[in-house]
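Trainee: Sharing data.txt below, compact mmCIF, C-alpha atoms (C1' of nucleotides):
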# COMPACT_ATOMS: atom_id res chain seq x y z
CA MET A 1 19.69 22.71 -39.66
CA ILE A 2 23.20 22.53 -41.07
CA GLU A 3 24.86 19.33 -42.14
CA PHE A 4 28.61 19.38 -42.19
CA ARG A 5 31.08 16.55 -41.97
CA ASP A 6 28.36 14.06 -41.21
CA LYS A 7 27.21 16.01 -38.20
CA LYS A 8 24.22 18.19 -37.67
CA TYR A 9 24.40 21.69 -36.29
CA ARG A 10 21.66 23.97 -35.17
CA CYS A 11 23.41 27.08 -36.42
CA ALA A 12 26.70 28.03 -38.02
CA SER A 13 28.01 29.41 -34.77
CA GLU A 14 27.92 25.91 -33.36
CA VAL A 15 30.27 24.81 -36.09
CA ALA A 16 32.65 27.52 -34.98
CA MET A 17 32.06 26.60 -31.35
CA GLU A 18 33.01 23.05 -32.06
CA LEU A 19 36.25 24.16 -33.66
CA VAL A 20 37.35 25.56 -30.33
CA SER A 21 35.38 23.21 -28.12
CA GLY A 22 38.40 21.50 -26.66
CA LYS A 23 39.62 22.58 -23.31
CA TRP A 24 42.89 24.00 -24.61
CA LYS A 25 42.16 25.11 -28.13
CA VAL A 26 41.44 28.71 -27.38
CA LEU A 27 44.66 28.98 -25.48
CA ILE A 28 46.60 27.23 -28.23
CA LEU A 29 45.22 29.59 -30.85
CA SER A 30 45.95 32.50 -28.57
CA HIS A 31 49.59 31.54 -28.24
CA LEU A 32 50.00 30.76 -31.92
CA SER A 33 48.53 34.15 -32.77
CA GLU A 34 51.73 35.61 -31.39
CA HIS A 35 54.12 33.47 -33.36
CA THR A 36 55.15 29.95 -34.31
CA PHE A 37 55.80 27.49 -31.52
CA ARG A 38 57.27 24.06 -31.14
CA PHE A 39 55.40 21.31 -29.41
CA GLY A 40 57.47 21.41 -26.27
CA GLU A 41 57.24 25.17 -26.07
CA LEU A 42 53.46 25.08 -26.20
CA LEU A 43 53.45 22.42 -23.54
CA LYS A 44 55.49 24.64 -21.24
CA LEU A 45 53.18 27.55 -21.93
CA MET A 46 50.19 25.58 -20.73
CA PRO A 47 50.65 24.31 -17.20
CA GLY A 48 48.10 21.64 -16.51
CA ALA A 49 47.85 20.45 -20.07
CA THR A 50 49.09 16.93 -20.59
CA HIS A 51 51.25 15.80 -23.44
CA LYS A 52 48.43 13.72 -24.82
CA MET A 53 45.81 16.44 -24.67
CA LEU A 54 48.02 18.96 -26.39
CA ALA A 55 48.86 16.52 -29.18
CA GLU A 56 45.21 15.60 -29.54
CA GLN A 57 43.93 19.12 -29.77
CA LEU A 58 46.74 20.21 -32.05
CA ARG A 59 45.74 17.44 -34.41
CA ASP A 60 42.14 18.56 -34.26
CA LEU A 61 43.09 22.11 -35.05
CA GLU A 62 45.25 20.92 -37.93
CA CYS A 63 42.42 18.78 -39.33
CA ASP A 64 40.11 21.76 -39.02
CA GLY A 65 42.53 23.84 -41.04
CA LEU A 66 43.16 26.34 -38.30
CA ILE A 67 46.84 25.58 -37.82
CA ILE A 68 49.71 24.18 -39.87
CA ARG A 69 52.02 21.50 -38.59
CA SER A 70 55.54 21.57 -40.00
CA VAL A 71 57.70 18.54 -39.38
CA TYR A 72 61.46 18.87 -39.65
CA PRO A 73 63.02 15.48 -40.35
CA VAL A 74 65.91 15.88 -37.95
CA ILE A 75 67.17 14.12 -34.89
CA PRO A 76 65.75 14.89 -32.41
CA PRO A 77 62.41 15.51 -34.10
CA LYS A 78 61.27 19.08 -34.42
CA VAL A 79 57.71 20.08 -35.14
CA GLU A 80 56.42 23.59 -35.40
CA TYR A 81 52.88 24.90 -35.33
CA GLU A 82 51.53 28.10 -36.81
CA LEU A 83 48.17 29.62 -37.58
CA THR A 84 46.63 29.37 -41.00
CA ASP A 85 44.91 32.34 -42.57
CA ARG A 86 41.64 30.85 -41.44
CA GLY A 87 42.95 30.46 -37.93
CA MET A 88 44.03 34.08 -37.91
CA ARG A 89 40.54 35.16 -38.82
CA LEU A 90 39.20 33.33 -35.80
CA VAL A 91 41.54 35.05 -33.36
CA PRO A 92 39.82 38.46 -33.30
CA ILE A 93 36.55 36.76 -32.49
CA LEU A 94 38.13 34.90 -29.60
CA LYS A 95 39.60 38.21 -28.57
CA ALA A 96 36.11 39.69 -28.51
CA LEU A 97 34.99 36.79 -26.36
CA CYS A 98 37.96 37.44 -24.13
CA ASP A 99 37.00 41.09 -23.78
CA PHE A 100 33.45 40.14 -22.96
CA GLY A 101 34.65 37.64 -20.39
CA ALA A 102 36.92 40.21 -18.79
CA ASP A 103 34.14 42.76 -18.71
CA TYR A 104 31.81 40.11 -17.33
CA ILE A 105 34.17 39.29 -14.49
CA ASP A 106 34.64 42.97 -13.82
CA SER A 107 30.94 43.60 -13.59
CA PHE A 108 30.31 41.13 -10.81
CA PRO A 109 32.12 42.42 -7.75
CA ALA A 110 30.29 45.70 -8.35
CA GLN A 111 27.00 43.92 -7.93
CA SER A 112 27.56 42.96 -4.32
CA PRO A 113 27.98 46.42 -2.82
CA VAL A 114 25.65 48.14 -5.24
CA MET A 115 22.26 46.73 -4.45
CA GLU A 116 19.79 48.32 -6.77
CA GLU A 117 17.30 45.56 -6.33
CA GLU A 118 16.89 42.55 -4.17
CA GLN A 119 17.62 39.36 -6.02
CA ALA A 120 15.96 36.12 -5.01
CA MET B 1 45.32 32.52 -14.37
CA ILE B 2 41.94 33.93 -13.49
CA GLU B 3 39.93 32.93 -10.47
CA PHE B 4 36.24 33.52 -10.70
CA ARG B 5 33.41 31.90 -8.82
CA ASP B 6 35.74 29.39 -7.24
CA LYS B 7 36.94 28.16 -10.60
CA LYS B 8 40.16 28.74 -12.42
CA TYR B 9 40.37 29.91 -16.01
CA ARG B 10 43.30 30.16 -18.32
CA CYS B 11 42.06 33.30 -19.98
CA ALA B 12 39.01 35.54 -19.87
CA SER B 13 37.70 34.11 -23.11
CA GLU B 14 37.25 30.80 -21.33
CA VAL B 15 34.94 32.48 -18.88
CA ALA B 16 32.85 33.66 -21.79
CA MET B 17 33.12 30.24 -23.40
CA GLU B 18 31.77 28.66 -20.28
CA LEU B 19 28.79 30.98 -20.30
CA VAL B 20 27.69 29.47 -23.60
CA SER B 21 29.24 26.06 -23.11
CA GLY B 22 25.92 24.24 -22.93
CA LYS B 23 24.67 22.54 -26.02
CA TRP B 24 21.69 24.83 -26.48
CA LYS B 25 22.74 28.12 -24.96
CA VAL B 26 23.87 29.75 -28.15
CA LEU B 27 20.61 28.89 -29.80
CA ILE B 28 18.63 30.10 -26.80
CA LEU B 29 20.41 33.43 -26.81
CA SER B 30 19.94 33.64 -30.53
CA HIS B 31 16.21 33.22 -30.25
CA LEU B 32 15.90 35.58 -27.31
CA SER B 33 17.83 38.21 -29.23
CA GLU B 34 14.76 38.48 -31.44
CA HIS B 35 12.24 38.91 -28.69
CA THR B 36 10.83 37.50 -25.47
CA PHE B 37 9.74 33.88 -25.45
CA ARG B 38 7.81 31.60 -23.16
CA PHE B 39 9.23 28.30 -22.07
CA GLY B 40 7.00 26.23 -24.31
CA GLU B 41 7.70 28.46 -27.29
CA LEU B 42 11.42 28.03 -26.89
CA LEU B 43 10.97 24.30 -26.60
CA LYS B 44 9.10 24.23 -29.90
CA LEU B 45 11.79 26.34 -31.53
CA MET B 46 14.44 23.78 -30.62
CA PRO B 47 13.61 20.37 -31.96
CA GLY B 48 15.78 17.82 -30.22
CA ALA B 49 16.08 19.73 -26.98
CA THR B 50 14.45 18.04 -24.03
CA HIS B 51 12.29 19.74 -21.45
CA LYS B 52 14.88 19.15 -18.80
CA MET B 53 17.83 20.41 -20.82
CA LEU B 54 16.06 23.61 -21.76
CA ALA B 55 15.09 24.29 -18.16
CA GLU B 56 18.60 23.51 -17.01
CA GLN B 57 20.33 25.76 -19.48
CA LEU B 58 17.83 28.56 -19.00
CA ARG B 59 18.61 28.46 -15.30
CA ASP B 60 22.30 28.62 -16.04
CA LEU B 61 21.84 31.60 -18.29
CA GLU B 62 19.71 33.30 -15.66
CA CYS B 63 22.30 32.67 -12.96
CA ASP B 64 24.96 34.04 -15.27
CA GLY B 65 22.94 37.20 -15.70
CA LEU B 66 22.47 36.77 -19.41
CA ILE B 67 18.71 36.39 -19.38
CA ILE B 68 15.81 37.42 -17.17
CA ARG B 69 13.09 35.03 -16.11
CA SER B 70 9.70 36.59 -15.46
CA VAL B 71 7.15 34.46 -13.69
CA TYR B 72 3.50 35.35 -14.03
CA PRO B 73 1.52 33.88 -11.12
CA VAL B 74 -1.39 32.70 -13.20
CA ILE B 75 -3.04 29.39 -13.91
CA PRO B 76 -1.66 27.79 -15.97
CA PRO B 77 1.84 29.02 -15.11
CA LYS B 78 3.43 31.43 -17.53
CA VAL B 79 7.12 32.17 -17.59
CA GLU B 80 8.84 34.44 -20.03
CA TYR B 81 12.50 34.81 -20.84
CA GLU B 82 14.32 37.80 -22.25
CA LEU B 83 17.89 38.93 -22.68
CA THR B 84 19.58 41.18 -20.18
CA ASP B 85 21.76 44.04 -21.31
CA ARG B 86 24.73 41.81 -20.70
CA GLY B 87 23.19 39.07 -22.78
CA MET B 88 22.59 41.49 -25.60
CA ARG B 89 26.22 42.44 -25.61
CA LEU B 90 27.15 38.81 -26.08
CA VAL B 91 24.92 38.33 -29.10
CA PRO B 92 27.05 40.24 -31.63
CA ILE B 93 30.03 38.13 -30.65
CA LEU B 94 28.07 34.96 -31.20
CA LYS B 95 26.96 36.45 -34.47
CA ALA B 96 30.61 36.89 -35.43
CA LEU B 97 31.22 33.27 -34.53
CA CYS B 98 28.24 32.36 -36.65
CA ASP B 99 29.62 34.28 -39.59
CA PHE B 100 32.95 32.60 -39.18
CA GLY B 101 31.29 29.22 -39.02
CA ALA B 102 29.26 29.92 -42.14
CA ASP B 103 32.35 31.10 -43.96
CA TYR B 104 34.20 28.07 -42.71
CA ILE B 105 31.57 25.69 -44.03
CA ASP B 106 31.57 27.56 -47.31
CA SER B 107 35.29 27.09 -47.70
CA PHE B 108 34.93 23.31 -47.71
CA PRO B 109 32.70 22.85 -50.75
CA ALA B 110 33.84 19.27 -51.22
CA GLN B 111 32.86 18.39 -47.70
CA SER B 112 29.54 20.17 -47.47
CA PRO B 113 27.44 18.58 -50.16
CA VAL B 114 24.26 19.11 -48.14
CA MET B 115 22.82 16.20 -49.98
CA GLU B 116 19.43 14.74 -49.37
CA GLU B 117 19.18 12.72 -46.21
CA GLU B 118 16.55 10.56 -44.61
CA GLN B 119 14.45 12.65 -42.33
CA ALA B 120 11.69 11.09 -40.27
C1' DC C 1 2.30 24.76 -18.59
C1' DA C 2 6.61 24.99 -16.08
C1' DG C 3 10.01 23.00 -13.13
C1' DT C 4 12.68 19.43 -10.54
C1' DA C 5 14.87 14.88 -9.24
C1' DT C 6 16.77 10.55 -10.45
C1' DC C 7 19.01 7.37 -13.24
C1' DC C 8 21.99 6.24 -16.97
C1' DA C 9 24.94 6.37 -21.28
C1' DG C 10 28.54 8.47 -23.85
C1' DG C 11 32.23 11.63 -24.48
C1' DC C 12 36.01 14.35 -22.71
C1' DC C 13 39.95 14.57 -20.19
C1' DG C 14 43.91 12.84 -17.50
C1' DA C 15 47.71 9.39 -16.03
C1' DT C 16 50.66 6.20 -17.68
C1' DA C 17 53.40 3.59 -20.74
C1' DC C 18 55.41 2.66 -25.22
C1' DT C 19 57.42 3.88 -30.13
C1' DG C 20 60.44 6.30 -33.45
C1' DC D 1 61.71 15.60 -28.69
C1' DA D 2 57.29 14.31 -30.59
C1' DG D 3 53.53 11.21 -31.02
C1' DT D 4 50.33 7.26 -30.08
C1' DA D 5 47.58 3.75 -27.39
C1' DT D 6 45.12 2.16 -23.47
C1' DC D 7 42.60 2.51 -19.35
C1' DG D 8 39.70 4.81 -16.19
C1' DG D 9 37.18 8.76 -13.86
C1' DC D 10 34.33 12.64 -14.21
C1' DC D 11 31.05 15.42 -16.11
C1' DT D 12 27.62 16.56 -19.63
C1' DG D 13 23.56 15.66 -21.58
C1' DG D 14 19.26 12.64 -22.41
C1' DA D 15 14.92 9.76 -20.85
C1' DT D 16 11.62 9.26 -17.55
C1' DA D 17 8.71 10.31 -13.82
C1' DC D 18 6.80 13.37 -10.36
C1' DT D 19 5.22 18.11 -8.32
C1' DG D 20 2.63 22.48 -8.38
Would you mind writing the file out in structure tokens?
Mentor:
Amino acid sequence: MIEFRDKKYRCASEVAMELVSGKWKVLILSHLSEHTFRFGELLKLMPGATHKMLAEQLRDLECDGLIIRSVYPVIPPKVEYELTDRGMRLVPILKALCDFGADYIDSFPAQSPVMEEEQA
Amino acid sequence: MIEFRDKKYRCASEVAMELVSGKWKVLILSHLSEHTFRFGELLKLMPGATHKMLAEQLRDLECDGLIIRSVYPVIPPKVEYELTDRGMRLVPILKALCDFGADYIDSFPAQSPVMEEEQA
DNA sequence: CAGTATCCAGGCCGATACTG
DNA sequence: CAGTATCGGCCTGGATACTG
């Protein structure tokens, strides 16, 4: 049992899972792994994401120390987001998950025609 | 955009994320990576998990092809769970997540006092 | 011992509207 | 352009009870 930030976790991987638990966080981190983005740019990159959700999850990621929010005091406001070093270390793991997911998807159509064994 | 099993995903990693999205799945896979377990054994290994939740998530994992459920037609019923090859391939990734999580917790010494807490 | 169905609470997510 | 607040729906997860 791990206690962290007043919450209890069953293993350290659940801490990491919670960091990216939001619906859009993986995608946000993925985009930011390429380069810095402004708020509006990220919003355009994620069709389906609402303004509120993006702001919410960006704040989470900032609080978790995975991204940095840079505010430029200009009119109109300009805010840029970039990965922290910690965030960058998470990206390869998400990439591994991505590879697994892709492989997983790939492996399914092959199961229909190839019937080695009857499955109930 | 990826379509898979009548759902839409923003990237392949979200497919993988969904495979372990349940609250106990990571822990289940973690235990099964050691060796085969019976239902009741798993339940004991996961304090806090309810009978129903364990059954539910085990079924999910079975449907997703990550674990195998072996039913022994004896009285009383005996059911054993073990990882599939696909499940085994997921474990190292979860391990990486675990390492990241542990490292993450470590990097917040001020916030992870791990002080004594009331435990019933 | 193992599994399922039902009911219910809480959290996540989305739409909208408002501020600076 | 960027962010916040509120309201409401949906889905996840938990308690209980019942079956085999």
Trainee: Quick one, how far is atom CA of B:Trp24 from atom CA of A:Asp6?
Mentor: 19.4 Å
Trainee: State the Cα RMSD (Å, one decimal) obtained when chain B is least-squares superposed onto chain A, all Cα atoms paired in order.
Mentor: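 Computed value for the CA RMSD is 6.5 Å.
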Trainee: Measuring atom to atom with all atoms listed in the file, identify which of B:Arg38, B:Cys11, B:Val71, B:Glu3 is nearest to A:Lys95.
Mentor: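 So, comparing all the options, the nearest one is B:Cys11.
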Trainee: Between atom CA of B:Gly87 and atom CA of B:Ser30, what is the spacing in Å?
Mentor: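 The value is 10.0 Å.
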Trainee: Find the residues near C:DG3: any atom within 12 Å, counting only C-alpha atoms (C1' of nucleotides), skip ones fewer than 3 places away on the same chain, and give them as a PyMOL selection string.
Mentor: (chain B and resi 39+51-56+58-59+71+77-79) or (chain D and resi 18-20)
Trainee: Could you check which of D:DC11, D:DA17, D:DT6, D:DC1 is closest to C:DT16, using all atoms listed in the file?
Mentor: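 Closest to C:DT16 of all the choices is D:DT6.
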Trainee: Skipping near chain neighbours, those fewer than 2 positions away, what residues fall within 7 Å of A:Leu97 using only C-alpha atoms (C1' of nucleotides), listed as an mmCIF file with C-alpha atoms, in the frame of the given file?
Mentor:
data_model
loop_
_atom_site.group_PDB
_atom_site.id
_atom_site.type_symbol
_atom_site.label_atom_id
_atom_site.label_comp_id
_atom_site.auth_asym_id
_atom_site.auth_seq_id
_atom_site.Cartn_x
_atom_site.Cartn_y
_atom_site.Cartn_z
ATOM 1 C CA ILE A 93 36.550 36.760 -32.490
ATOM 2 C CA LEU A 94 38.130 34.900 -29.600
ATOM 3 C CA LYS A 95 39.600 38.210 -28.570
ATOM 4 C CA ASP A 99 37.000 41.090 -23.780
ATOM 5 C CA PHE A 100 33.450 40.140 -22.960
ATOM 6 C CA GLY A 101 34.650 37.640 -20.390
ATOM 7 C CA SER B 13 37.700 34.110 -23.110
ATOM 8 C CA ALA B 16 32.850 33.660 -21.790
ATOM 9 C CA ILE B 93 30.030 38.130 -30.650
#
Trainee: Residues within 12 Å of C:DG11, please, as a PyMOL selection string. Count only C-alpha atoms (C1' of nucleotides); anything in the same chain fewer than 5 positions from it doesn't count.
Mentor: (chain A and resi 22) or (chain D and resi 10-13)
Trainee: Please return, as a PyMOL selection string, all residues of chain B lying within 10 Å of chain A when only C-alpha atoms are considered.
Mentor: chain B and resi 2-5+10-21+23-24+26-27+30+46-48+64-65+86+89-90+92-105+107-108+111-115+117
Trainee: Calculate how many Å separate atom C1' of C:DC18 from atom CA of A:Thr36, rounding to one decimal.
Mentor: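 Atom C1' of C:DC18 sits 28.8 Å away from atom CA of A:Thr36.
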Trainee: Only residues of chain D matter here; which ones have an atom within 12 Å of chain A, counting all atoms listed in the file? Give them as a PDB file with C-alpha atoms (C1' of nucleotides), in the coordinates of the input.
Mentor:
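Written out: selection-v9.pdb:
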ATOM      1  C1'  DC D   1      61.710  15.600 -28.690  1.00  0.00           C
ATOM      2  C1'  DA D   2      57.290  14.310 -30.590  1.00  0.00           C
ATOM      3  C1'  DG D   3      53.530  11.210 -31.020  1.00  0.00           C
ATOM      4  C1'  DT D   4      50.330   7.260 -30.080  1.00  0.00           C
ATOM      5  C1'  DA D   5      47.580   3.750 -27.390  1.00  0.00           C
TER       6       DA D   5
END
Trainee: Using all atoms listed in the file, tabulate the residues of chain C lying at most 10 Å from any atom of chain A, each with its closest atom pair and that distance in Å to one decimal, by chain and increasing residue number, as a Markdown table.
Mentor:
| residue | atom | partner | partner_atom | distance |
| --- | --- | --- | --- | --- |
| C:DC12 | C1' | A:Gly22 | CA | 8.5 |
| C:DC13 | C1' | A:Met53 | CA | 7.6 |
| C:DG14 | C1' | A:Thr50 | CA | 7.3 |
| C:DA15 | C1' | A:Thr50 | CA | 8.9 |
| C:DG20 | C1' | A:Pro77 | CA | 9.4 |
